[in-house]
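This report refers to the structure that appears directly beneath it.
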Amino acid sequence: MERFLDPFRFLLAAAAGWMSGRQSQLIDYLREENRVLREQLGARRLRFTDDRRCRLAAKAKGLGRKVLVELGTIVTPETLLAWHRRLIAHKCGFRAMKIIIPR
């Protein structure tokens, strides 16, 4: 039984290492894509619909401020987390929530 598990563990570790490497490549690409898009935008502000704010806020909360800073998001981490706090404060579902953001 012990001999059977050794090759299985090796294959499992190899697959996990390959997947981790692919994820790192994907994250690096997305970071660079965000940098390029921010350069093209310059000082212009992006306009988000309520649905887009909800989707971004929900995903951002799961990552946390530290990771968001590392990613170089198109919206500041503080803004993303503020959107999430507003969503939670209204105790509604993310999709049904209308966010009122002062301009």
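Ordered as shown in the structure tokens, chains take letters A, B, and onward, while each chain numbers its residues from 1 and ligands are numbered from 1 in the order shown.
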task: Would you mind listing what lies within 8 Å of range 61-69 of chain A as a list in words, with only C-alpha atoms counted and same-chain residues fewer than 3 positions away left out?
output: Ala57, Ala58, Gly72, Thr73, Thr76, Pro77, Glu78, Leu80, Leu81 and His84 of chain A
task: Could you give me, as a PyMOL selection string, each residue of range 28-97 of chain A that DSSP assigns to alpha helix (DSSP H) when run on this structure's backbone?
output: chain A and resi 28-41+50-63+65-71+77-89
Keeping only N, CA and C atoms, write the selected residues as a CSV table (one decimal), in the first residue's frame.
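File selection.csv, as written:
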```csv
chain,number,residue,atom,x,y,z
A,28,ASP,N,0.3,37.3,-13.6
A,28,ASP,CA,1.3,38.3,-14.1
A,28,ASP,C,0.8,39.0,-15.3
A,29,TYR,N,0.1,38.2,-16.2
A,29,TYR,CA,-0.4,38.8,-17.4
A,29,TYR,C,-1.5,39.8,-17.1
A,30,LEU,N,-2.4,39.4,-16.2
A,30,LEU,CA,-3.5,40.3,-15.8
A,30,LEU,C,-3.0,41.6,-15.2
A,31,ARG,N,-2.0,41.5,-14.4
A,31,ARG,CA,-1.4,42.7,-13.8
A,31,ARG,C,-0.8,43.6,-14.9
A,32,GLU,N,-0.1,43.1,-15.8
A,32,GLU,CA,0.4,43.9,-16.9
A,32,GLU,C,-0.7,44.5,-17.8
A,33,GLU,N,-1.7,43.7,-18.0
A,33,GLU,CA,-2.9,44.2,-18.8
A,33,GLU,C,-3.5,45.4,-18.0
A,34,ASN,N,-3.6,45.3,-16.7
A,34,ASN,CA,-4.2,46.4,-15.9
A,34,ASN,C,-3.3,47.7,-16.0
A,35,ARG,N,-2.0,47.5,-16.0
A,35,ARG,CA,-1.0,48.6,-16.1
A,35,ARG,C,-1.2,49.3,-17.5
A,36,VAL,N,-1.3,48.5,-18.5
A,36,VAL,CA,-1.5,49.1,-19.9
A,36,VAL,C,-2.8,49.8,-20.0
A,37,LEU,N,-3.9,49.3,-19.5
A,37,LEU,CA,-5.2,50.0,-19.5
A,37,LEU,C,-5.1,51.3,-18.7
A,38,ARG,N,-4.5,51.3,-17.5
A,38,ARG,CA,-4.4,52.5,-16.7
A,38,ARG,C,-3.6,53.6,-17.5
A,39,GLU,N,-2.5,53.1,-18.2
A,39,GLU,CA,-1.7,54.1,-18.9
A,39,GLU,C,-2.6,54.7,-20.0
A,40,GLN,N,-3.4,54.0,-20.7
A,40,GLN,CA,-4.3,54.5,-21.8
A,40,GLN,C,-5.3,55.4,-21.2
A,41,LEU,N,-5.8,55.2,-20.0
A,41,LEU,CA,-6.8,56.0,-19.5
A,41,LEU,C,-6.3,57.4,-19.0
A,50,ASP,N,-24.0,50.3,-11.4
A,50,ASP,CA,-24.2,49.7,-10.1
A,50,ASP,C,-23.9,48.2,-10.1
A,51,ASP,N,-24.3,47.5,-11.2
A,51,ASP,CA,-24.0,46.1,-11.3
A,51,ASP,C,-22.5,45.8,-11.3
A,52,ARG,N,-21.7,46.6,-12.0
A,52,ARG,CA,-20.3,46.5,-12.1
A,52,ARG,C,-19.6,46.7,-10.7
A,53,ARG,N,-20.1,47.8,-10.0
A,53,ARG,CA,-19.6,48.1,-8.7
A,53,ARG,C,-19.8,46.9,-7.8
A,54,CYS,N,-21.0,46.3,-7.8
A,54,CYS,CA,-21.3,45.2,-7.0
A,54,CYS,C,-20.4,44.0,-7.3
A,55,ARG,N,-20.2,43.7,-8.5
A,55,ARG,CA,-19.4,42.6,-8.9
A,55,ARG,C,-17.9,42.8,-8.5
A,56,LEU,N,-17.4,44.0,-8.7
A,56,LEU,CA,-16.0,44.3,-8.3
A,56,LEU,C,-15.9,44.2,-6.8
A,57,ALA,N,-16.8,44.8,-6.1
A,57,ALA,CA,-16.8,44.9,-4.6
A,57,ALA,C,-16.8,43.5,-4.0
A,58,ALA,N,-17.7,42.6,-4.5
A,58,ALA,CA,-17.8,41.3,-4.0
A,58,ALA,C,-16.5,40.5,-4.2
A,59,LYS,N,-15.9,40.6,-5.3
A,59,LYS,CA,-14.6,39.9,-5.6
A,59,LYS,C,-13.5,40.5,-4.8
A,60,ALA,N,-13.4,41.8,-4.7
A,60,ALA,CA,-12.4,42.5,-3.9
A,60,ALA,C,-12.4,42.1,-2.5
A,61,LYS,N,-13.5,42.0,-1.9
A,61,LYS,CA,-13.6,41.7,-0.4
A,61,LYS,C,-12.9,40.4,-0.1
A,62,GLY,N,-13.1,39.4,-1.0
A,62,GLY,CA,-12.5,38.1,-0.8
A,62,GLY,C,-11.0,38.2,-0.9
A,63,LEU,N,-10.4,39.1,-1.6
A,63,LEU,CA,-9.0,39.2,-1.7
A,63,LEU,C,-8.3,40.0,-0.6
A,65,ARG,N,-7.2,44.0,1.2
A,65,ARG,CA,-6.5,45.2,0.8
A,65,ARG,C,-5.1,44.9,0.3
A,66,LYS,N,-4.4,44.1,1.0
A,66,LYS,CA,-3.0,43.8,0.7
A,66,LYS,C,-2.8,43.3,-0.7
A,67,VAL,N,-3.6,42.3,-1.1
A,67,VAL,CA,-3.6,41.7,-2.4
A,67,VAL,C,-4.0,42.7,-3.4
A,68,LEU,N,-5.0,43.5,-3.1
A,68,LEU,CA,-5.5,44.4,-4.1
A,68,LEU,C,-4.4,45.5,-4.4
A,69,VAL,N,-3.7,45.9,-3.5
A,69,VAL,CA,-2.6,46.8,-3.7
A,69,VAL,C,-1.5,46.2,-4.6
A,70,GLU,N,-1.2,44.9,-4.4
A,70,GLU,CA,-0.2,44.2,-5.2
A,70,GLU,C,-0.7,44.0,-6.7
A,71,LEU,N,-2.0,43.8,-6.8
A,71,LEU,CA,-2.6,43.6,-8.2
A,71,LEU,C,-2.5,44.9,-9.0
A,77,PRO,N,-8.0,50.2,-3.9
A,77,PRO,CA,-8.5,49.2,-3.0
A,77,PRO,C,-9.4,49.9,-2.0
A,78,GLU,N,-9.2,51.1,-1.5
A,78,GLU,CA,-10.0,51.8,-0.6
A,78,GLU,C,-11.4,52.0,-1.2
A,79,THR,N,-11.5,52.3,-2.4
A,79,THR,CA,-12.8,52.5,-3.1
A,79,THR,C,-13.6,51.2,-3.2
A,80,LEU,N,-12.9,50.1,-3.6
A,80,LEU,CA,-13.5,48.8,-3.7
A,80,LEU,C,-14.1,48.4,-2.4
A,81,LEU,N,-13.3,48.5,-1.3
A,81,LEU,CA,-13.7,48.1,0.0
A,81,LEU,C,-14.8,49.0,0.6
A,82,ALA,N,-14.8,50.2,0.2
A,82,ALA,CA,-15.9,51.1,0.6
A,82,ALA,C,-17.2,50.7,-0.1
A,83,TRP,N,-17.1,50.4,-1.4
A,83,TRP,CA,-18.3,49.9,-2.1
A,83,TRP,C,-18.9,48.7,-1.4
A,84,HIS,N,-18.0,47.8,-0.9
A,84,HIS,CA,-18.4,46.6,-0.3
A,84,HIS,C,-19.1,46.9,1.1
A,85,ARG,N,-18.5,47.8,1.8
A,85,ARG,CA,-19.1,48.2,3.1
A,85,ARG,C,-20.5,48.8,2.9
A,86,ARG,N,-20.7,49.6,1.8
A,86,ARG,CA,-22.0,50.1,1.6
A,86,ARG,C,-23.0,49.0,1.2
A,87,LEU,N,-22.5,48.0,0.5
A,87,LEU,CA,-23.4,46.9,0.1
A,87,LEU,C,-23.9,46.2,1.4
A,88,ILE,N,-22.9,45.9,2.3
A,88,ILE,CA,-23.3,45.2,3.5
A,88,ILE,C,-24.2,46.0,4.4
A,89,ALA,N,-23.9,47.3,4.5
A,89,ALA,CA,-24.7,48.2,5.3
A,89,ALA,C,-26.2,48.2,4.9
```
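Between CA of Trp18 in chain A and CA of Ile74 in chain A the interatomic distance comes to 28.9 Å.
With CA of Phe10 in chain A on one side and CA of Ile27 in chain A on the other, the separation reads 25.7 Å.
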query: Can you tell me how far CA of Val75 in chain A sits from CA of Thr49 in chain A, in Å to one decimal?
result: 13.5 Å
